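A.B. asks: Contents of coords-v9.tsv (TSV, C-alpha atoms):
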```tsv
chain	number	residue	atom	x	y	z
A	1	MET	CA	121.43	-12.56	-93.17
A	2	GLU	CA	118.67	-15.10	-92.62
A	3	MET	CA	116.83	-13.86	-95.73
A	4	ALA	CA	119.96	-14.17	-97.86
A	5	ARG	CA	120.67	-17.69	-96.61
A	6	ALA	CA	117.07	-18.78	-97.25
A	7	PHE	CA	117.07	-17.23	-100.72
A	8	GLU	CA	120.38	-18.71	-101.78
A	9	THR	CA	119.49	-22.17	-100.46
A	10	LYS	CA	116.39	-22.09	-102.65
A	11	LEU	CA	118.37	-20.66	-105.55
A	12	SER	CA	120.88	-23.51	-105.36
A	13	ALA	CA	118.08	-26.09	-105.40
A	14	LEU	CA	116.46	-24.50	-108.47
A	15	TYR	CA	119.80	-24.36	-110.28
A	16	LYS	CA	120.46	-28.03	-109.60
A	17	ALA	CA	116.95	-28.82	-110.82
A	18	GLY	CA	117.69	-27.12	-114.15
A	19	LYS	CA	115.31	-24.20	-113.52
A	20	ILE	CA	118.01	-21.50	-113.66
A	21	PHE	CA	120.44	-20.95	-116.52
A	22	GLY	CA	123.78	-19.17	-116.29
A	23	GLY	CA	125.82	-18.71	-113.13
A	24	VAL	CA	124.60	-18.92	-109.57
A	25	PHE	CA	126.94	-17.38	-107.00
A	26	ILE	CA	126.33	-18.05	-103.32
A	27	GLY	CA	127.41	-15.82	-100.43
A	28	ARG	CA	127.73	-18.54	-97.79
A	29	GLY	CA	130.41	-17.24	-95.43
A	30	HIS	CA	129.93	-13.63	-96.59
A	31	GLU	CA	126.59	-12.84	-94.97
A	32	ALA	CA	127.84	-10.90	-91.94
A	33	ILE	CA	130.13	-8.72	-94.06
A	34	ALA	CA	127.40	-7.93	-96.58
A	35	ALA	CA	124.64	-7.25	-94.05
A	36	CYS	CA	126.85	-4.99	-91.96
A	37	GLU	CA	127.61	-2.85	-95.02
A	38	GLY	CA	124.06	-2.39	-96.19
A	39	VAL	CA	122.51	-1.62	-92.83
A	40	TYR	CA	124.44	1.68	-92.50
A	41	LEU	CA	123.44	3.00	-95.93
A	42	GLN	CA	120.42	4.99	-97.10
A	43	LYS	CA	118.90	4.04	-100.43
A	44	GLY	CA	118.43	7.04	-102.71
A	45	HIS	CA	121.08	9.04	-100.88
A	46	ASP	CA	124.19	6.86	-100.65
A	47	VAL	CA	125.93	4.68	-103.24
A	48	TYR	CA	126.13	0.91	-102.95
A	49	THR	CA	128.22	-1.30	-105.24
A	50	PRO	CA	127.45	-4.89	-104.24
A	51	PHE	CA	129.80	-7.80	-104.77
A	52	ILE	CA	128.52	-10.96	-106.51
A	53	ARG	CA	127.97	-12.54	-103.06
A	54	GLU	CA	126.25	-9.56	-101.47
A	55	GLN	CA	122.64	-10.80	-101.28
A	56	ALA	CA	122.57	-10.06	-97.53
A	57	GLY	CA	123.80	-6.56	-98.31
A	58	ARG	CA	121.08	-6.04	-100.90
A	59	CYS	CA	118.51	-7.10	-98.31
A	60	ALA	CA	119.94	-4.75	-95.67
A	61	TRP	CA	120.08	-1.92	-98.24
A	62	GLY	CA	116.38	-2.43	-98.88
A	63	ASP	CA	116.09	-4.42	-102.10
A	64	SER	CA	113.64	-7.31	-102.09
A	65	VAL	CA	114.45	-10.92	-102.83
A	66	LEU	CA	111.83	-10.66	-105.56
A	67	ASP	CA	114.20	-8.35	-107.47
A	68	SER	CA	116.91	-11.01	-107.37
A	69	ALA	CA	114.49	-13.84	-108.14
A	70	GLN	CA	113.17	-12.05	-111.22
A	71	CYS	CA	116.71	-11.53	-112.54
A	72	TYR	CA	117.81	-15.10	-111.92
A	73	LEU	CA	114.65	-16.47	-113.54
A	74	GLY	CA	114.63	-14.05	-116.49
A	75	SER	CA	111.35	-12.29	-115.78
A	76	ALA	CA	110.43	-9.47	-118.16
A	77	ARG	CA	108.81	-7.72	-115.18
A	78	GLY	CA	112.05	-7.50	-113.24
A	79	ILE	CA	114.34	-4.51	-112.91
A	80	MET	CA	116.53	-5.79	-115.80
A	81	ARG	CA	113.49	-6.93	-117.84
A	82	GLY	CA	114.96	-10.39	-118.35
A	83	ARG	CA	118.09	-8.98	-120.01
A	84	GLU	CA	120.47	-10.13	-117.29
A	85	GLY	CA	120.33	-13.15	-115.06
A	86	ASN	CA	122.12	-13.83	-111.78
A	87	VAL	CA	123.74	-10.95	-109.94
A	88	HIS	CA	124.54	-8.37	-112.62
A	89	TRP	CA	121.67	-6.06	-111.82
A	90	GLY	CA	121.29	-2.71	-110.13
A	91	LYS	CA	119.19	0.40	-109.73
A	92	PRO	CA	121.44	3.39	-110.50
A	93	HIS	CA	118.60	5.83	-109.85
A	94	GLU	CA	118.47	4.53	-106.27
A	95	GLY	CA	122.24	4.43	-105.85
A	96	THR	CA	122.89	0.75	-106.59
A	97	VAL	CA	125.63	0.08	-109.13
A	98	ALA	CA	124.97	-3.01	-111.23
A	99	THR	CA	127.66	-5.61	-110.66
A	100	ILE	CA	130.19	-5.66	-113.49
A	101	SER	CA	132.46	-8.51	-114.58
A	102	HIS	CA	135.34	-8.17	-114.06
A	103	LEU	CA	134.54	-6.69	-110.68
A	104	GLY	CA	137.24	-4.03	-110.70
A	105	ALA	CA	135.45	-2.08	-113.42
A	106	ALA	CA	132.63	-1.18	-111.03
A	107	VAL	CA	134.96	0.72	-108.69
A	108	SER	CA	135.39	3.59	-111.15
A	109	VAL	CA	131.64	3.68	-111.84
A	110	ALA	CA	130.95	4.08	-108.13
A	111	ALA	CA	133.66	6.75	-107.89
A	112	GLY	CA	131.93	8.65	-110.68
A	113	MET	CA	128.59	8.46	-108.89
A	114	LEU	CA	130.17	9.84	-105.73
A	115	MET	CA	131.85	12.66	-107.64
A	116	ALA	CA	128.52	13.49	-109.31
A	117	ARG	CA	126.85	13.80	-105.92
A	118	ARG	CA	129.61	16.15	-104.78
A	119	MET	CA	129.23	18.28	-107.93
A	120	GLN	CA	125.48	18.46	-107.32
A	121	GLY	CA	126.18	19.97	-103.91
A	122	LYS	CA	124.92	17.01	-101.92
A	123	THR	CA	126.35	16.40	-98.46
A	124	ASN	CA	126.52	13.74	-95.77
A	125	PHE	CA	126.56	10.87	-98.26
A	126	ALA	CA	128.84	7.85	-98.47
A	127	GLY	CA	129.46	4.94	-100.78
A	128	VAL	CA	130.32	1.32	-100.08
A	129	ILE	CA	132.23	-0.40	-102.87
A	130	CYS	CA	132.57	-4.17	-102.51
A	131	ILE	CA	135.45	-6.10	-104.01
A	132	GLY	CA	137.24	-9.36	-103.30
A	133	ASP	CA	140.85	-10.24	-102.61
A	134	GLY	CA	141.38	-11.12	-106.26
A	135	THR	CA	139.89	-7.83	-107.44
A	136	THR	CA	142.59	-5.88	-105.58
A	137	SER	CA	145.04	-7.08	-108.25
A	138	VAL	CA	142.98	-5.76	-111.17
A	139	GLY	CA	144.37	-2.71	-112.95
A	140	SER	CA	141.06	-0.86	-113.10
A	141	THR	CA	140.71	-1.25	-109.32
A	142	HIS	CA	144.11	0.37	-108.78
A	143	GLU	CA	143.31	3.31	-111.06
A	144	ALA	CA	139.93	3.91	-109.43
A	145	CYS	CA	141.26	3.59	-105.88
A	146	ASN	CA	144.02	6.07	-106.68
A	147	LEU	CA	141.39	8.53	-107.96
A	148	ILE	CA	139.20	7.96	-104.89
A	149	ALA	CA	142.14	8.65	-102.59
A	150	VAL	CA	143.36	11.75	-104.45
A	151	GLU	CA	139.84	13.22	-104.60
A	152	LYS	CA	139.16	12.20	-100.98
A	153	LEU	CA	135.81	10.74	-101.95
A	154	PRO	CA	133.57	9.44	-99.13
A	155	ALA	CA	134.04	5.84	-100.20
A	156	VAL	CA	134.43	2.70	-98.12
A	157	ILE	CA	136.24	0.01	-100.11
A	158	VAL	CA	135.26	-3.31	-98.55
A	159	VAL	CA	137.71	-6.06	-99.49
A	160	THR	CA	136.16	-9.40	-98.67
A	161	ASN	CA	139.16	-11.66	-98.35
A	162	ASN	CA	137.71	-15.13	-98.76
A	163	GLN	CA	141.24	-16.44	-99.40
A	164	PHE	CA	140.64	-17.56	-102.99
A	165	ALA	CA	140.33	-15.59	-106.24
A	166	TYR	CA	138.20	-18.28	-107.85
A	167	SER	CA	140.74	-21.08	-107.25
A	168	THR	CA	143.91	-18.98	-106.72
A	169	PRO	CA	144.97	-18.82	-103.04
A	170	ASN	CA	146.17	-15.61	-101.38
A	171	SER	CA	149.76	-16.87	-101.48
A	172	GLN	CA	149.70	-16.67	-105.29
A	173	GLU	CA	147.69	-13.43	-105.49
A	174	PHE	CA	149.87	-10.85	-103.75
A	175	ALA	CA	153.31	-10.56	-102.18
A	176	CYS	CA	152.56	-7.91	-99.56
A	177	ARG	CA	152.23	-8.93	-95.93
A	178	SER	CA	148.52	-8.19	-95.84
A	179	LEU	CA	145.83	-6.64	-98.02
A	180	MET	CA	145.78	-3.87	-95.42
A	181	ASP	CA	149.08	-2.71	-96.94
A	182	ARG	CA	147.34	-1.98	-100.22
A	183	GLY	CA	144.97	0.44	-98.51
A	184	VAL	CA	147.89	2.15	-96.81
A	185	GLY	CA	149.58	2.47	-100.19
A	186	TYR	CA	146.60	4.37	-101.57
A	187	GLY	CA	146.69	6.72	-98.59
A	188	MET	CA	143.40	5.50	-97.15
A	189	ALA	CA	142.49	4.91	-93.51
A	190	THR	CA	142.49	1.15	-92.95
A	191	HIS	CA	140.37	-1.23	-90.88
A	192	GLU	CA	140.30	-5.00	-90.50
A	193	CYS	CA	137.77	-7.43	-89.07
A	194	ASP	CA	136.94	-11.10	-88.76
A	195	GLY	CA	134.11	-11.29	-91.26
A	196	THR	CA	132.66	-14.36	-89.56
A	197	ASP	CA	132.17	-12.39	-86.32
A	198	PHE	CA	128.89	-10.49	-86.69
A	199	LEU	CA	129.31	-8.01	-83.83
A	200	GLN	CA	132.93	-7.20	-84.64
A	201	THR	CA	132.07	-6.69	-88.30
A	202	LEU	CA	129.10	-4.50	-87.40
A	203	GLN	CA	131.31	-2.24	-85.28
A	204	VAL	CA	134.11	-1.95	-87.83
A	205	MET	CA	131.75	-1.22	-90.73
A	206	GLY	CA	129.92	1.34	-88.64
A	207	ARG	CA	133.13	3.20	-87.82
A	208	ALA	CA	134.40	3.15	-91.39
A	209	ILE	CA	131.15	4.32	-92.98
A	210	ALA	CA	130.67	7.04	-90.35
A	211	ALA	CA	134.22	8.30	-90.98
A	212	ALA	CA	133.68	8.48	-94.74
A	213	ARG	CA	130.34	10.21	-94.27
A	214	ALA	CA	131.93	12.75	-91.89
A	215	GLY	CA	134.45	13.85	-94.51
A	216	GLU	CA	137.45	11.94	-93.20
A	217	GLY	CA	138.29	10.59	-96.65
A	218	PRO	CA	138.13	7.10	-98.12
A	219	GLN	CA	138.29	4.05	-95.89
A	220	TRP	CA	139.76	0.62	-96.73
A	221	VAL	CA	138.18	-2.32	-94.88
A	222	VAL	CA	139.61	-5.83	-95.09
A	223	ALA	CA	137.03	-8.37	-93.92
A	224	ASN	CA	138.47	-11.87	-93.60
A	225	THR	CA	136.37	-14.98	-94.12
A	226	LEU	CA	136.22	-18.11	-96.25
A	227	ARG	CA	133.91	-18.73	-99.15
A	228	MET	CA	132.09	-21.79	-97.80
A	229	CYS	CA	131.23	-23.06	-101.27
A	230	GLY	CA	132.61	-23.02	-104.79
A	231	HIS	CA	133.12	-19.89	-106.85
A	232	GLY	CA	129.71	-20.68	-108.31
A	233	GLU	CA	127.32	-23.59	-108.05
A	234	HIS	CA	129.15	-25.13	-111.02
A	235	ASP	CA	132.35	-25.37	-108.95
A	236	ASP	CA	132.95	-28.08	-106.34
A	237	ALA	CA	135.76	-26.09	-104.60
A	238	ALA	CA	138.03	-29.14	-104.55
A	239	TYR	CA	141.02	-26.79	-104.42
A	240	ILE	CA	140.14	-25.61	-100.87
A	241	PRO	CA	142.00	-27.80	-98.34
A	242	GLN	CA	139.72	-29.97	-96.23
A	243	GLU	CA	141.29	-28.75	-92.99
A	244	LEU	CA	140.45	-25.16	-93.93
A	245	LYS	CA	136.86	-26.11	-94.75
A	246	LYS	CA	136.57	-27.86	-91.39
A	247	GLN	CA	138.01	-24.86	-89.54
A	248	TYR	CA	135.45	-22.51	-91.03
A	249	ALA	CA	132.54	-24.91	-90.71
A	250	ASP	CA	132.60	-24.02	-87.00
A	251	ARG	CA	132.56	-20.28	-87.82
A	252	ASP	CA	129.48	-20.03	-90.03
A	253	PRO	CA	128.50	-16.31	-89.78
A	254	LEU	CA	124.82	-17.22	-89.34
A	255	ALA	CA	125.52	-19.54	-86.43
A	256	VAL	CA	127.83	-16.96	-84.83
A	257	ALA	CA	125.27	-14.17	-85.27
A	258	ARG	CA	122.42	-16.24	-83.84
A	259	ARG	CA	124.47	-16.96	-80.75
A	260	GLN	CA	125.62	-13.35	-80.34
A	261	VAL	CA	122.18	-11.74	-80.62
A	262	GLN	CA	120.86	-14.14	-78.00
A	263	GLU	CA	123.78	-13.41	-75.69
A	264	GLN	CA	123.12	-9.67	-76.10
A	265	GLY	CA	119.46	-10.21	-75.24
A	266	TRP	CA	118.29	-8.75	-78.57
A	267	LEU	CA	116.46	-11.90	-79.71
A	268	THR	CA	115.40	-15.21	-78.25
A	269	ALA	CA	115.66	-18.59	-79.93
A	270	GLU	CA	111.93	-18.36	-80.59
A	271	ASP	CA	112.37	-14.95	-82.23
A	272	ILE	CA	115.05	-16.37	-84.52
A	273	ALA	CA	112.87	-19.33	-85.46
A	274	THR	CA	110.06	-16.91	-86.35
A	275	ILE	CA	112.39	-14.82	-88.51
A	276	GLN	CA	113.63	-17.94	-90.31
A	277	ALA	CA	110.06	-19.07	-91.02
A	278	GLU	CA	109.09	-15.62	-92.30
A	279	CYS	CA	112.15	-15.50	-94.57
A	280	ALA	CA	111.46	-18.96	-95.96
A	281	GLU	CA	107.87	-17.97	-96.74
A	282	GLU	CA	108.87	-14.70	-98.44
A	283	VAL	CA	111.48	-16.51	-100.53
A	284	GLN	CA	108.98	-19.17	-101.55
A	285	GLN	CA	106.47	-16.54	-102.65
A	286	ALA	CA	109.10	-14.54	-104.56
A	287	MET	CA	110.37	-17.59	-106.43
A	288	ALA	CA	106.86	-18.75	-107.25
A	289	GLN	CA	105.90	-15.32	-108.57
A	290	ALA	CA	109.06	-14.94	-110.68
A	291	GLN	CA	108.60	-18.39	-112.21
A	292	LYS	CA	105.08	-17.46	-113.35
A	293	GLU	CA	106.08	-14.18	-114.96
A	294	PRO	CA	106.70	-13.96	-118.71
A	295	ALA	CA	110.11	-13.95	-120.34
A	296	PRO	CA	111.03	-11.10	-122.74
A	297	ASN	CA	109.32	-11.19	-126.13
A	298	PRO	CA	111.80	-10.04	-128.81
A	299	ALA	CA	108.97	-9.12	-131.17
A	300	THR	CA	107.55	-6.50	-128.84
A	301	GLU	CA	110.54	-5.27	-126.83
A	302	ASP	CA	112.06	-1.80	-127.08
A	303	TRP	CA	115.38	-3.30	-125.88
A	304	SER	CA	115.89	-0.81	-123.09
A	305	ALA	CA	118.29	-2.35	-120.57
A	306	THR	CA	116.15	-1.62	-117.51
A	307	SER	CA	112.56	-0.90	-116.63
A	308	TRP	CA	113.55	2.50	-115.23
A	309	LYS	CA	113.37	5.48	-117.55
A	310	PRO	CA	115.24	8.72	-116.70
A	311	THR	CA	113.16	11.87	-116.60
A	312	ARG	CA	116.00	13.84	-118.18
A	313	TYR	CA	119.58	13.35	-119.35
```
Would you kindly transcribe this structure into structure tokens?
C.D. replies:
Amino acid sequence: MEMARAFETKLSALYKAGKIFGGVFIGRGHEAIAACEGVYLQKGHDVYTPFIREQAGRCAWGDSVLDSAQCYLGSARGIMRGREGNVHWGKPHEGTVATISHLGAAVSVAAGMLMARRMQGKTNFAGVICIGDGTTSVGSTHEACNLIAVEKLPAVIVVTNNQFAYSTPNSQEFACRSLMDRGVGYGMATHECDGTDFLQTLQVMGRAIAAARAGEGPQWVVANTLRMCGHGEHDDAAYIPQELKKQYADRDPLAVARRQVQEQGWLTAEDIATIQAECAEEVQQAMAQAQKEPAPNPATEDWSATSWKPTRY
């Protein structure tokens, strides 16, 4: 969570300085949800489909901030070889689905990866598929979730309800009482948590992922929070009421987590300060390295989408 916050703070500064082109999407307010997904997964064994605000999840899963920096800055040495900026990158060979716009399309891709693992005879695996409240209204999401439920795939659908689909509030997105009802409709086990509460989110994600991994079928997790920024750095979020912004300013997931880990005796204030300094240094080095690396050269490229080459088809 600290690494994601440090990285995205630097990312925002570079964007505003004109060093990054395209969209920049910040996960402020989402960090606890993302981190608590990734920490229970095993790279190379499980499947992870990160949301556009899942930098903390990528870090917990085991990806480096250098991977993200290289994509945002268009480095030819990055995993996407400068083909794709911002967050639309992944490592399918390690189980990470590249983010797709619109986000609902990625749900069926992740379902296919889980079915492939089953057909290969693999066991004890799970997949976390991240979507937002707005994505639950996308047709491709419905089709994929229906397939996941019918096939009883070991998937955990994490719905991060940040209360706005870009600028559309929940009240104009769906008519059901709660997004939990949508999970019930698919026939999935349902869970809900306050996504600003680190310990509660950690416990709920742990239970859901363990249940999916144990063969108890797909799990639907609604994690409630507020996007504490615009849809992207180009958006001033003027449509979010000031009173709502003020309410959530006191529930910053990083501030809550820092307090909770100290109360549990897991870390001291000095430990946290050390972690923050280490994260800031790693981010600075990653950004500096990515900015020095070359951009793609169209005269010499083979136009492969990623730097990874399959050994067989």
A.B. asks: At a cut-off of 12 Å, can you tabulate as a tab-separated table every residue of stretch 24-45 of chain A near stretch 211-217 of chain A together with its closest atom pair and the distance in Å to one decimal, using only C-alpha atoms and ordering rows by chain then number?
C.D. replies:
```
residue	atom	partner	partner_atom	distance
A:Tyr40	CA	A:Arg213	CA	10.5
A:Leu41	CA	A:Arg213	CA	10.1
A:Gln42	CA	A:Arg213	CA	11.6
A:His45	CA	A:Arg213	CA	11.4
```
A.B. asks: Report as a list in words all protein, DNA and RNA residues lying within 9 Å of A:Lys152, evaluated on all atoms listed in the file, omitting residues in the same chain fewer than 2 positions from it.
C.D. replies: Leu147, Ile148, Ala149, Val150, Pro154, Ala155, Met188, Gly215, Glu216, Gly217 and Pro218 of chain A
A.B. asks: Export, as a PDB file, keeping the file's coordinate frame, the selected residues with C-alpha atoms.
C.D. replies:
```
ATOM      1  CA  LEU A 147     141.390   8.530-107.960  1.00  0.00           C
ATOM      2  CA  ILE A 148     139.200   7.960-104.890  1.00  0.00           C
ATOM      3  CA  ALA A 149     142.140   8.650-102.590  1.00  0.00           C
ATOM      4  CA  VAL A 150     143.360  11.750-104.450  1.00  0.00           C
ATOM      5  CA  PRO A 154     133.570   9.440 -99.130  1.00  0.00           C
ATOM      6  CA  ALA A 155     134.040   5.840-100.200  1.00  0.00           C
ATOM      7  CA  MET A 188     143.400   5.500 -97.150  1.00  0.00           C
ATOM      8  CA  GLY A 215     134.450  13.850 -94.510  1.00  0.00           C
ATOM      9  CA  GLU A 216     137.450  11.940 -93.200  1.00  0.00           C
ATOM     10  CA  GLY A 217     138.290  10.590 -96.650  1.00  0.00           C
ATOM     11  CA  PRO A 218     138.130   7.100 -98.120  1.00  0.00           C
TER      12      PRO A 218
END
```
A.B. asks: Tell me which of A:Ala237, A:Met287, A:Asn297, A:Gly95 sits closest to A:Asp67, counting all atoms listed in the file.
C.D. replies: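 Among the listed residues, the smallest separation from A:Asp67 belongs to A:Met287.
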A.B. asks: Mind pulling up the distance from atom CA of A:Ala13 to atom CA of A:Ser64?
C.D. replies: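 Interatomic distance, atom CA of A:Ser64 to atom CA of A:Ala13: 19.6 Å.
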A.B. asks: For A:Gly85, which of A:Leu103, A:Ala223, A:Ala69, A:Cys130 is the closest residue, counting all atoms listed in the file?
C.D. replies: A:Ala69
A.B. asks: Write out as a list of chain:residue names each polymer residue whose atoms come within 12 Å of A:Lys10, counting all atoms listed in the file; drop sequence neighbours fewer than 6 positions from it.
C.D. replies: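 Final neighbour list, sorted by chain and number: A:Met3, A:Ala4, A:Lys16, A:Ala17, A:Lys19, A:Ile20, A:Val24, A:Ile26, A:Val65, A:Ala69, A:Tyr72, A:Cys279, A:Ala280, A:Glu281, A:Glu282, A:Val283, A:Gln284, A:Gln285, A:Ala286, A:Met287, A:Ala288.
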A.B. asks: For a test of reading the model, state the distance in Å between atom CA of A:Gly44 and atom CA of A:Trp220, rounded to one decimal.
C.D. replies: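 So the answer is 23.1 Å.
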